[in-house]
Each structure stands twice: as C-alpha cells, then as structure tokens.
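Participant: Compact mmCIF, C-alpha atoms and all ligand atoms, file work-v2.txt:
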```
# COMPACT_ATOMS: atom_id res chain seq x y z
CA MET G 1 0.00 0.00 0.00
CA LYS G 2 1.20 3.52 -0.78
CA THR G 3 1.68 6.16 1.92
CA ILE G 4 -0.29 9.20 0.74
CA LEU G 5 0.55 11.42 3.69
CA GLU G 6 3.39 11.37 6.19
CA ILE G 7 3.78 13.84 9.02
CA LYS G 8 7.20 14.00 10.62
CA ASP G 9 8.00 15.81 13.89
CA LEU G 10 5.35 18.47 13.30
CA TYR G 11 5.16 21.45 15.68
CA LYS G 12 2.79 24.39 15.48
CA SER G 13 2.80 27.52 17.61
CA PHE G 14 0.69 30.64 17.49
CA GLU G 15 2.97 33.43 18.75
CA GLU G 16 4.32 32.05 22.04
CA LYS G 17 1.73 29.31 22.42
CA GLU G 18 2.64 25.79 21.29
CA VAL G 19 -0.54 24.10 20.02
CA LEU G 20 0.89 20.96 18.39
CA SER G 21 4.09 19.15 19.27
CA ASN G 22 5.97 16.12 18.04
CA ILE G 23 3.23 14.87 15.73
CA ASN G 24 4.23 11.82 13.70
CA LEU G 25 1.66 10.08 11.56
CA LYS G 26 1.47 7.98 8.40
CA VAL G 27 -1.70 7.71 6.34
CA GLU G 28 -1.96 4.96 3.75
CA GLU G 29 -3.90 5.41 0.53
CA GLY G 30 -7.54 4.40 1.03
CA GLU G 31 -7.53 4.78 4.81
CA PHE G 32 -10.28 6.58 6.73
CA ILE G 33 -8.85 8.38 9.77
CA ALA G 34 -10.83 10.22 12.45
CA ILE G 35 -9.09 12.76 14.70
CA MET G 36 -10.68 13.19 18.12
CA GLY G 37 -9.74 15.03 21.31
CA GLN G 38 -11.00 17.59 23.79
CA SER G 39 -11.98 21.02 22.61
CA GLY G 40 -8.80 23.06 22.14
CA SER G 41 -6.54 19.99 21.86
CA GLY G 42 -5.43 21.09 18.38
CA LYS G 43 -7.56 18.92 16.04
CA SER G 44 -8.47 21.61 13.52
CA THR G 45 -4.98 23.09 13.64
CA LEU G 46 -3.58 19.64 12.79
CA LEU G 47 -6.06 19.20 9.94
CA TYR G 48 -5.18 22.62 8.53
CA CYS G 49 -1.42 21.95 8.79
CA ILE G 50 -1.61 18.56 7.06
CA SER G 51 -3.87 19.80 4.27
CA GLY G 52 -1.77 22.84 3.37
CA MET G 53 -4.33 25.34 4.67
CA ASP G 54 -1.82 26.43 7.31
CA ARG G 55 1.91 25.87 7.73
CA PRO G 56 3.56 24.01 10.58
CA THR G 57 6.11 25.97 12.61
CA SER G 58 8.51 23.07 12.02
CA GLY G 59 8.43 19.52 10.73
CA ASN G 60 7.45 17.93 7.44
CA VAL G 61 4.13 17.22 5.74
CA ILE G 62 4.87 14.82 2.91
CA PHE G 63 1.87 14.58 0.63
CA ASP G 64 2.09 12.12 -2.26
CA GLY G 65 5.89 12.14 -1.96
CA GLU G 66 6.31 15.94 -1.79
CA ASP G 67 7.01 18.04 1.30
CA ILE G 68 4.17 20.55 1.00
CA SER G 69 5.29 22.45 4.11
CA LYS G 70 8.19 23.78 2.04
CA LEU G 71 6.22 24.82 -1.06
CA ASN G 72 5.14 28.35 -1.90
CA ASP G 73 1.48 29.34 -1.67
CA GLU G 74 0.86 29.00 -5.41
CA LYS G 75 2.17 25.42 -5.53
CA ILE G 76 0.24 24.43 -2.39
CA SER G 77 -2.97 25.91 -3.84
CA LYS G 78 -2.54 23.83 -6.99
CA ILE G 79 -2.04 20.61 -5.02
CA ARG G 80 -5.04 21.45 -2.86
CA LEU G 81 -7.23 22.10 -5.87
CA LYS G 82 -6.15 18.97 -7.74
CA GLN G 83 -5.50 16.37 -5.07
CA MET G 84 -7.44 17.44 -1.98
CA GLY G 85 -11.13 17.92 -1.25
CA PHE G 86 -12.53 19.75 1.79
CA ILE G 87 -15.79 19.65 3.70
CA PHE G 88 -16.53 21.75 6.77
CA GLN G 89 -19.34 21.99 9.32
CA ASN G 90 -20.83 24.77 7.20
CA SER G 91 -20.91 24.01 3.52
CA TYR G 92 -19.43 27.40 2.48
CA LEU G 93 -21.23 27.24 -0.87
CA LEU G 94 -21.44 30.51 -2.80
CA LYS G 95 -24.82 32.11 -2.25
CA ASN G 96 -25.33 33.58 -5.71
CA LEU G 97 -24.70 30.28 -7.53
CA SER G 98 -26.84 27.19 -8.07
CA ILE G 99 -25.94 23.80 -6.59
CA ARG G 100 -24.48 22.71 -9.96
CA ASP G 101 -22.44 25.89 -10.46
CA ASN G 102 -20.98 25.58 -6.96
CA ILE G 103 -19.94 21.99 -7.70
CA ILE G 104 -18.34 22.62 -11.10
CA LEU G 105 -16.46 25.77 -10.09
CA PRO G 106 -13.30 24.04 -8.77
CA GLY G 107 -13.32 21.86 -11.91
CA PHE G 108 -13.15 24.93 -14.15
CA LYS G 109 -10.60 26.55 -11.85
CA LEU G 110 -8.28 23.55 -12.20
CA GLY G 111 -8.75 23.60 -15.97
CA ASN G 112 -7.58 20.01 -16.58
CA LEU G 113 -10.85 18.83 -18.11
CA SER G 114 -13.16 20.15 -20.79
CA ARG G 115 -16.36 21.93 -19.72
CA GLU G 116 -18.27 18.87 -20.93
CA ASN G 117 -16.25 16.44 -18.78
CA VAL G 118 -16.49 18.63 -15.68
CA ASN G 119 -20.26 18.72 -16.15
CA LYS G 120 -20.31 14.95 -16.64
CA ASN G 121 -18.38 14.42 -13.39
CA ALA G 122 -20.77 16.77 -11.60
CA ASP G 123 -23.78 14.84 -12.94
CA GLU G 124 -22.33 11.54 -11.72
CA LEU G 125 -21.56 12.95 -8.27
CA MET G 126 -24.97 14.57 -7.88
CA LYS G 127 -26.62 11.30 -8.89
CA LYS G 128 -24.53 9.33 -6.40
CA THR G 129 -25.41 11.74 -3.58
CA CYS G 130 -29.09 11.99 -4.67
CA ILE G 131 -29.13 15.73 -5.39
CA ASP G 132 -29.38 15.51 -9.18
CA ASN G 133 -33.03 16.61 -8.92
CA ILE G 134 -31.99 19.95 -7.35
CA ALA G 135 -28.96 20.72 -9.55
CA GLY G 136 -30.34 24.05 -10.72
CA HIS G 137 -31.68 25.16 -7.34
CA ASP G 138 -30.61 28.27 -5.55
CA ILE G 139 -28.58 27.15 -2.52
CA LYS G 140 -30.77 29.29 -0.24
CA LYS G 141 -33.72 27.03 -1.04
CA VAL G 142 -32.35 23.60 -0.12
CA SER G 143 -31.93 21.71 3.17
CA GLY G 144 -28.78 21.46 5.31
CA GLY G 145 -28.31 17.81 4.29
CA GLN G 146 -28.61 18.70 0.60
CA LEU G 147 -26.11 21.53 1.07
CA GLN G 148 -23.63 19.18 2.69
CA ARG G 149 -24.09 16.65 -0.13
CA ALA G 150 -23.38 19.46 -2.59
CA ALA G 151 -20.28 20.39 -0.59
CA ILE G 152 -19.12 16.76 -0.83
CA CYS G 153 -19.66 16.83 -4.62
CA ARG G 154 -17.71 20.08 -4.86
CA GLY G 155 -14.92 18.51 -2.77
CA LEU G 156 -14.79 15.51 -5.12
CA ILE G 157 -15.18 17.23 -8.50
CA ASN G 158 -11.44 17.03 -9.26
CA LYS G 159 -11.24 13.40 -8.05
CA PRO G 160 -8.90 14.18 -5.14
CA ASP G 161 -6.65 11.63 -3.43
CA VAL G 162 -7.74 12.80 0.02
CA LEU G 163 -11.00 14.22 1.33
CA PHE G 164 -10.49 16.30 4.50
CA GLY G 165 -13.43 17.10 6.78
CA ASP G 166 -13.75 19.35 9.83
CA GLU G 167 -16.89 18.26 11.70
CA PRO G 168 -18.58 17.50 8.36
CA THR G 169 -21.84 16.43 9.99
CA GLY G 170 -21.68 18.87 12.93
CA ALA G 171 -24.62 20.96 11.70
CA LEU G 172 -26.88 18.04 10.70
CA ASN G 173 -29.56 16.09 12.58
CA SER G 174 -28.85 12.44 13.31
CA SER G 175 -30.65 10.84 10.36
CA THR G 176 -29.23 13.32 7.83
CA SER G 177 -25.83 12.86 9.42
CA ARG G 178 -26.13 9.07 8.92
CA GLU G 179 -26.95 9.56 5.24
CA VAL G 180 -23.96 11.87 4.73
CA LEU G 181 -21.70 9.40 6.56
CA ASP G 182 -22.93 6.60 4.29
CA ILE G 183 -21.86 8.70 1.31
CA ILE G 184 -18.44 9.36 2.87
CA ASN G 185 -18.00 5.63 3.56
CA THR G 186 -18.92 4.82 -0.06
CA ILE G 187 -16.43 7.37 -1.39
CA ASN G 188 -13.77 5.86 0.88
CA LYS G 189 -14.63 2.33 -0.27
CA GLU G 190 -14.13 3.51 -3.84
CA GLY G 191 -10.55 4.52 -2.98
CA THR G 192 -10.52 8.11 -1.70
CA THR G 193 -8.56 8.53 1.53
CA VAL G 194 -10.63 10.33 4.19
CA ILE G 195 -9.34 12.32 7.18
CA ILE G 196 -11.89 14.00 9.43
CA VAL G 197 -11.98 15.85 12.72
CA THR G 198 -14.97 15.03 14.90
CA HIS G 199 -16.35 15.16 18.44
CA ASP G 200 -18.98 12.58 17.58
CA VAL G 201 -18.48 8.89 18.42
CA LYS G 202 -20.98 7.85 15.72
CA VAL G 203 -18.92 9.70 13.12
CA ALA G 204 -15.55 8.41 14.34
CA ALA G 205 -16.87 4.83 14.47
CA ARG G 206 -17.14 4.96 10.66
CA ALA G 207 -13.34 5.35 10.39
CA ASP G 208 -10.71 2.61 10.12
CA LYS G 209 -8.52 4.30 12.70
CA VAL G 210 -9.13 6.92 15.40
CA ILE G 211 -6.39 9.21 16.68
CA PHE G 212 -6.77 10.91 20.03
CA LEU G 213 -5.09 14.28 20.50
CA MET G 214 -4.32 15.52 23.99
CA ASP G 215 -2.72 18.93 24.54
CA GLY G 216 -1.36 18.93 21.03
CA ASN G 217 0.13 15.42 21.10
CA ILE G 218 -1.13 12.15 19.69
CA ASN G 219 -2.00 10.39 22.94
CA ASP G 220 -3.17 7.10 21.44
CA GLU G 221 -4.74 5.52 18.39
CA LEU G 222 -7.38 2.84 17.96
CA SER G 223 -7.79 0.56 14.96
CA LEU G 224 -11.40 -0.24 14.14
CA GLY G 225 -11.09 -1.94 10.74
CA LYS G 226 -13.09 -1.13 7.63
CA HIS G 227 -16.69 0.03 7.98
CA GLU G 228 -19.34 -2.51 6.97
CA GLU G 229 -23.02 -1.99 6.27
CA ASP G 230 -23.98 -3.91 9.37
CA GLU G 231 -25.82 -2.27 12.24
CA GLU G 232 -24.54 -4.71 14.89
CA LYS G 233 -20.92 -4.35 13.82
CA THR G 234 -21.26 -0.57 13.81
CA LEU G 235 -22.77 -0.63 17.30
CA SER G 236 -20.00 -2.84 18.60
CA LYS G 237 -17.41 -0.43 17.14
CA GLU G 238 -19.16 2.48 18.83
CA LYS G 239 -18.99 0.58 22.16
CA ARG G 240 -15.26 -0.14 21.71
CA LEU G 241 -14.71 3.49 20.88
CA TYR G 242 -16.67 4.71 23.94
CA LEU G 243 -14.58 2.49 26.23
CA TRP G 244 -11.32 3.62 24.61
CA LEU G 245 -12.34 7.29 24.81
CA GLU G 246 -13.16 6.86 28.48
CA LYS G 247 -9.58 5.66 28.97
CA GLN G 248 -8.36 8.80 27.21
CA GLY G 249 -10.38 10.86 29.72
CA PHE G 250 -12.81 12.10 27.03
N1 LIG G 301 -5.13 31.40 14.38
C1 LIG G 301 -4.93 31.18 15.68
N2 LIG G 301 -4.30 32.08 16.45
C2 LIG G 301 -4.06 31.86 17.75
N3 LIG G 301 -4.45 30.74 18.42
C3 LIG G 301 -5.10 29.81 17.72
C4 LIG G 301 -5.37 29.97 16.31
N4 LIG G 301 -6.03 28.85 15.88
C5 LIG G 301 -6.16 28.05 16.95
N5 LIG G 301 -5.60 28.62 18.05
C6 LIG G 301 -5.52 28.02 19.39
O1 LIG G 301 -4.99 26.72 19.26
C7 LIG G 301 -5.62 25.83 20.16
C8 LIG G 301 -6.16 24.65 19.39
O2 LIG G 301 -7.22 25.10 18.57
P1 LIG G 301 -7.99 24.10 17.58
O3 LIG G 301 -9.08 24.88 16.97
O4 LIG G 301 -7.01 23.43 16.72
O5 LIG G 301 -8.57 23.04 18.62
P2 LIG G 301 -9.70 21.94 18.41
O6 LIG G 301 -9.23 20.73 19.12
O7 LIG G 301 -10.01 21.83 16.96
O8 LIG G 301 -10.90 22.62 19.19
P3 LIG G 301 -12.48 22.50 19.00
O9 LIG G 301 -12.80 21.06 19.22
O10 LIG G 301 -13.04 23.38 20.08
O11 LIG G 301 -12.80 22.98 17.61
C9 LIG G 301 -6.69 26.63 20.89
O12 LIG G 301 -6.16 27.03 22.14
C10 LIG G 301 -6.91 27.82 20.00
O13 LIG G 301 -7.30 28.94 20.72
```
Could you show the structure in this file as structure tokens?
Facilitator:
Amino acid sequence: MKTILEIKDLYKSFEEKEVLSNINLKVEEGEFIAIMGQSGSGKSTLLYCISGMDRPTSGNVIFDGEDISKLNDEKISKIRLKQMGFIFQNSYLLKNLSIRDNIILPGFKLGNLSRENVNKNADELMKKTCIDNIAGHDIKKVSGGQLQRAAICRGLINKPDVLFGDEPTGALNSSTSREVLDIINTINKEGTTVIIVTHDVKVAARADKVIFLMDGNINDELSLGKHEEDEEKTLSKEKRLYLWLEKQGF
C-alpha cells in the first residue's frame, strides 16, 4: 500500500503558544482516519497543517511524496485544488450560484478537463449523492443535508486523493448525518482517503482508525477496521470506541 501522507516531527505555535508538538503520523492510501480530542486539543490546527491550509512551525508534511510544508502558496494551492477535497461543518457554498455551479467551479478553476467532462463528473456525483433533482436550485432554497451533499460533490469534482473534513456532519440532525456518513463511507470504499476531525463517536466509528489528540500530542490511536453496512458491527465499534475514549479521559 502507498503512503499518501506522512507527518514528521510536526510542531505548530501561534505566537508564544505551542498548540501541536511532536506529531508523527502515516496515512496509507484508502484509509479513513478520524481525529478526536478535547476542545482546544489542536484537532483543527492539525487538519489545517496537514492539508496545506496552514503551515507548521517546524516539521514535514509529505503529501504524495512531496514536502508541501516547504512549497510556496501557489504550488500548495494547486495541489489542494487537484489532489485534496474539503468539507466543513458549514458548507461554504457561494450564495449567488446554483448547486451545480458551486460543484463545477473548482473543476473549471483547475482547468484540466473540458467543460463537458467537468459537467459529466458533476452529474455523476450529484446522482450518487441523490441531489441531481436539485442541480439548478438556488442554494438558499435547499436543506442542510442537501447543502452538505453538494459540498461533498464540490470537494470531489477534481477526483482528489484525500478528502479532508472538519466536523462535516456537525450541523446536521442524526438521520441526515447518517446519510452523509454513508456517502463518505462509499467514497472511501471507492478509494478516496478520508481524514476527518470530529467530536462525535458515531462519526468516528465509521473510520478505520481513530487518533486521540491531547494537549497537542497524539495520545493514542485505535484501529477499528473497515466500515461494513452492518448495524450490529457498527454498534459494537461504537462501544469499543466509547470504552477507549473513556480511557483517554474524554
Ligand atoms: N489562528 C490562531 N491564532 C491563535 N491561536 C489559535 C489559532 N487557531 C487556533 N488557536 C488556538 O490553538 C488551540 C487549538 O485550537 P484548535 O481549533 O485546533 O482546537 P480543536 O481541538 O479543533 O478545538 P475544537 O474542538 O473546540 O474545535 C486553541 O487554544 C486555540 O485557541
């Protein structure tokens, strides 16, 4: 298996305050990693540093064989556009554009595919996430779950290697959250590596591996194995995760 992301001796400080220290982590292609930890433990900061949205103070972030922590902003932006997808708690879709136009925008920005092929990819993604019937809708007139599905499509339009998520279901109710998680699990099964930050045990239980951050360090990690469409297996993973989190003092 190929290592898609390797983090070596990563430190991050804001002014005098050290937020992350001595982070070492390897992510294999096709893995689904959840990052958990108390509020303020540095989860989002870690996600931003490993996805090129922010720079570590020191250390290396090797993405697909290249140390992105050393690249200039232009090069990082290109890698992010081509090889990384992002979903956040809020979808951050552009208000004056339709669902479809929001989804295709990064495809046109990258410019690797013809207009026709970008549209074709968008159609496939919207079909897969069951929002093809609202492609032309104004984003102000659709539900939170539909918005988040559109954000996933936008994140996947350039067929990234890694999909990063910061509390991707944080704003959704439990049944909508389950539907969005099913989509994320399907995308992962099809080969996209997934790395998400979450507070939610039900979200983290969908991952292959959970990492627990404490005061900016990786305190422990738990292997859960691949997600299966089986309610009992999912419940038993959630129980294992609860017990493990209790040990972490969560
Ligand atoms: N841009 C910044 N400038 C200064 N301090 C920051 C900045 N971003 C984050 N921090 C600080 O770094 C620490 C970690 O923040 P971070 O958001 O990574 O934690 P988190 O674990 O994701 O928290 P939460 O679960 O509450 O979202 C916090 O003390 C926060 O105040």
Participant: Counting only C-alpha atoms and all ligand atoms, what are the residues of chain G within 7 Å of ligand LIG 301 (chain G), and for each of them which pair of atoms is the nearest and at what distance in Å, to one decimal? Sort the table by chain and rising number, as JSON lines.
Facilitator:
```
{"residue": "G:Phe14", "atom": "CA", "partner": "G:LIG301", "partner_atom": "C2", "distance": 4.9}
{"residue": "G:Val19", "atom": "CA", "partner": "G:LIG301", "partner_atom": "O1", "distance": 5.2}
{"residue": "G:Gly37", "atom": "CA", "partner": "G:LIG301", "partner_atom": "O6", "distance": 6.1}
{"residue": "G:Gln38", "atom": "CA", "partner": "G:LIG301", "partner_atom": "O6", "distance": 5.9}
{"residue": "G:Ser39", "atom": "CA", "partner": "G:LIG301", "partner_atom": "O9", "distance": 3.5}
{"residue": "G:Gly40", "atom": "CA", "partner": "G:LIG301", "partner_atom": "O5", "distance": 3.5}
{"residue": "G:Ser41", "atom": "CA", "partner": "G:LIG301", "partner_atom": "O6", "distance": 3.9}
{"residue": "G:Gly42", "atom": "CA", "partner": "G:LIG301", "partner_atom": "O4", "distance": 3.3}
{"residue": "G:Lys43", "atom": "CA", "partner": "G:LIG301", "partner_atom": "O7", "distance": 3.9}
{"residue": "G:Ser44", "atom": "CA", "partner": "G:LIG301", "partner_atom": "O7", "distance": 3.8}
{"residue": "G:Thr45", "atom": "CA", "partner": "G:LIG301", "partner_atom": "O4", "distance": 3.7}
{"residue": "G:Leu46", "atom": "CA", "partner": "G:LIG301", "partner_atom": "O4", "distance": 6.4}
{"residue": "G:His199", "atom": "CA", "partner": "G:LIG301", "partner_atom": "O9", "distance": 6.9}
```
Participant: Which of these, G:Leu71, G:Leu125, G:Ile4, G:Ile62, has the shortest distance to G:Lys159 once you count only C-alpha atoms?
Facilitator: G:Leu125
Participant: When you draw a straight line from atom CA of G:Ser13 to atom CA of G:Lys78, how long is it in Å?
Facilitator: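 One can read the atom CA of G:Ser13 to atom CA of G:Lys78 distance as 25.4 Å.
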Participant: Could you give me, as CSV, a per-residue list for stretch 193-239 of chain G showing, wherever an atom lies at most 6 Å from an atom of stretch 163-187 of chain G, the closest pair of atoms and their distance in Å to one decimal, using all atoms listed in the file and sorting by chain then residue number from low to high?
Facilitator:
```
residue,atom,partner,partner_atom,distance
G:Val194,CA,G:Leu163,CA,4.8
G:Ile195,CA,G:Phe164,CA,4.9
G:Ile196,CA,G:Gly165,CA,4.4
G:Val197,CA,G:Asp166,CA,4.9
G:Thr198,CA,G:Glu167,CA,4.9
```
Participant: Residues around (-4.9, 0.1, 20.4), cut-off 10 Å, counting all atoms listed in the file - what are they as an MDAnalysis selection string?
Facilitator: chainID G and resid 209:211 220:224 244
Participant: I need the chosen residues saved as an mmCIF file, in the frame of the given file, with C-alpha atoms.
Facilitator:
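Final file, selection26.cif:
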```
data_model
loop_
_atom_site.group_PDB
_atom_site.id
_atom_site.type_symbol
_atom_site.label_atom_id
_atom_site.label_comp_id
_atom_site.auth_asym_id
_atom_site.auth_seq_id
_atom_site.Cartn_x
_atom_site.Cartn_y
_atom_site.Cartn_z
ATOM 1 C CA LYS G 209 -8.520 4.300 12.700
ATOM 2 C CA VAL G 210 -9.130 6.920 15.400
ATOM 3 C CA ILE G 211 -6.390 9.210 16.680
ATOM 4 C CA ASP G 220 -3.170 7.100 21.440
ATOM 5 C CA GLU G 221 -4.740 5.520 18.390
ATOM 6 C CA LEU G 222 -7.380 2.840 17.960
ATOM 7 C CA SER G 223 -7.790 0.560 14.960
ATOM 8 C CA LEU G 224 -11.400 -0.240 14.140
ATOM 9 C CA TRP G 244 -11.320 3.620 24.610
#
```
Participant: Just to confirm, what's the straight-line distance from atom CA of G:Asp67 to atom CA of G:Leu213 in Å (one decimal)?
Facilitator: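 Spanning atom CA of G:Asp67 to atom CA of G:Leu213 is a straight-line distance of 23.0 Å.
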Participant: Would you kindly return, as a list in words, each protein, DNA or RNA residue with an atom no farther than 9 Å from any atom of G:Ile68, considering only C-alpha atoms and excluding same-chain residues fewer than 6 positions away?
Facilitator: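 Contacts, in chain order: Ile50, Ser51, Gly52, Arg55, Asn60, Val61, Ile62, Lys75, Ile76 and Ile79 of chain G.
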Participant: May I ask which of the residues G:Ala207, G:Leu10, G:Lys128, G:Ile99 is the closest one to G:Ser143, counting only C-alpha atoms?
Facilitator: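 Result for the nearest residue to G:Ser143: G:Ile99.
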Participant: Could you list, as a ChimeraX atom specification, every residue within 6 Å of stretch 188-193 of chain G, counting only C-alpha atoms and ignoring same-chain residues fewer than 2 positions away?
Facilitator: /G:29-32,161-162,185-186
Participant: What does the file look like for those residues with C-alpha atoms, as a PDB file, in the coordinates of the input?
Facilitator:
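Result file follows (result-v6.pdb):
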```
ATOM      1  CA  GLU G  29      -3.900   5.410   0.530  1.00  0.00           C
ATOM      2  CA  GLY G  30      -7.540   4.400   1.030  1.00  0.00           C
ATOM      3  CA  GLU G  31      -7.530   4.780   4.810  1.00  0.00           C
ATOM      4  CA  PHE G  32     -10.280   6.580   6.730  1.00  0.00           C
ATOM      5  CA  ASP G 161      -6.650  11.630  -3.430  1.00  0.00           C
ATOM      6  CA  VAL G 162      -7.740  12.800   0.020  1.00  0.00           C
ATOM      7  CA  ASN G 185     -18.000   5.630   3.560  1.00  0.00           C
ATOM      8  CA  THR G 186     -18.920   4.820  -0.060  1.00  0.00           C
TER       9      THR G 186
END
```
Participant: Please write as a compact mmCIF listing (two decimals) with C-alpha atoms, keeping the file's coordinate frame the list of polymer residues whose atoms come within 12 Å of (8.7, 29.4, 12.4), counting only C-alpha atoms and keeping to the coordinates of the file.
Facilitator:
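Written file, part-v2.txt:
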```txt
# COMPACT_ATOMS: atom_id res chain seq x y z
CA LEU G 10 5.35 18.47 13.30
CA TYR G 11 5.16 21.45 15.68
CA LYS G 12 2.79 24.39 15.48
CA SER G 13 2.80 27.52 17.61
CA PHE G 14 0.69 30.64 17.49
CA GLU G 15 2.97 33.43 18.75
CA GLU G 16 4.32 32.05 22.04
CA GLU G 18 2.64 25.79 21.29
CA ARG G 55 1.91 25.87 7.73
CA PRO G 56 3.56 24.01 10.58
CA THR G 57 6.11 25.97 12.61
CA SER G 58 8.51 23.07 12.02
CA GLY G 59 8.43 19.52 10.73
CA SER G 69 5.29 22.45 4.11
CA LYS G 70 8.19 23.78 2.04
```
Participant: Take every atom of stretch 75-87 of chain G listed in the file, fit an axis-aligned box around them, add 4 Å per side, and give the centre and edge lengths in Å to one decimal as JSON.
Facilitator:
```
{"center_x": -6.8, "center_y": 21.1, "center_z": -2.0, "size_x": 26.0, "size_y": 17.5, "size_z": 19.4}
```
Participant: With only C-alpha atoms as the atoms that count, which of G:Ile33, G:Ile23, G:Glu229, G:Glu74 lies nearest to G:Cys49?
Facilitator: G:Ile23
Participant: Quick one: of G:Asp73, G:Glu231, G:Glu28, G:Asp138, who's nearest to G:Lys95, counting only C-alpha atoms?
Facilitator: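 Answer, going by the shortest atom-to-atom distance: G:Asp138.
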Participant: Have a look at G:Glu6, G:Glu232, G:Lys237, G:Glu66 and name the one nearest to G:Val203; count all atoms listed in the file.
Facilitator: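 Using all atoms listed in the file, G:Val203 sits closest to G:Lys237.
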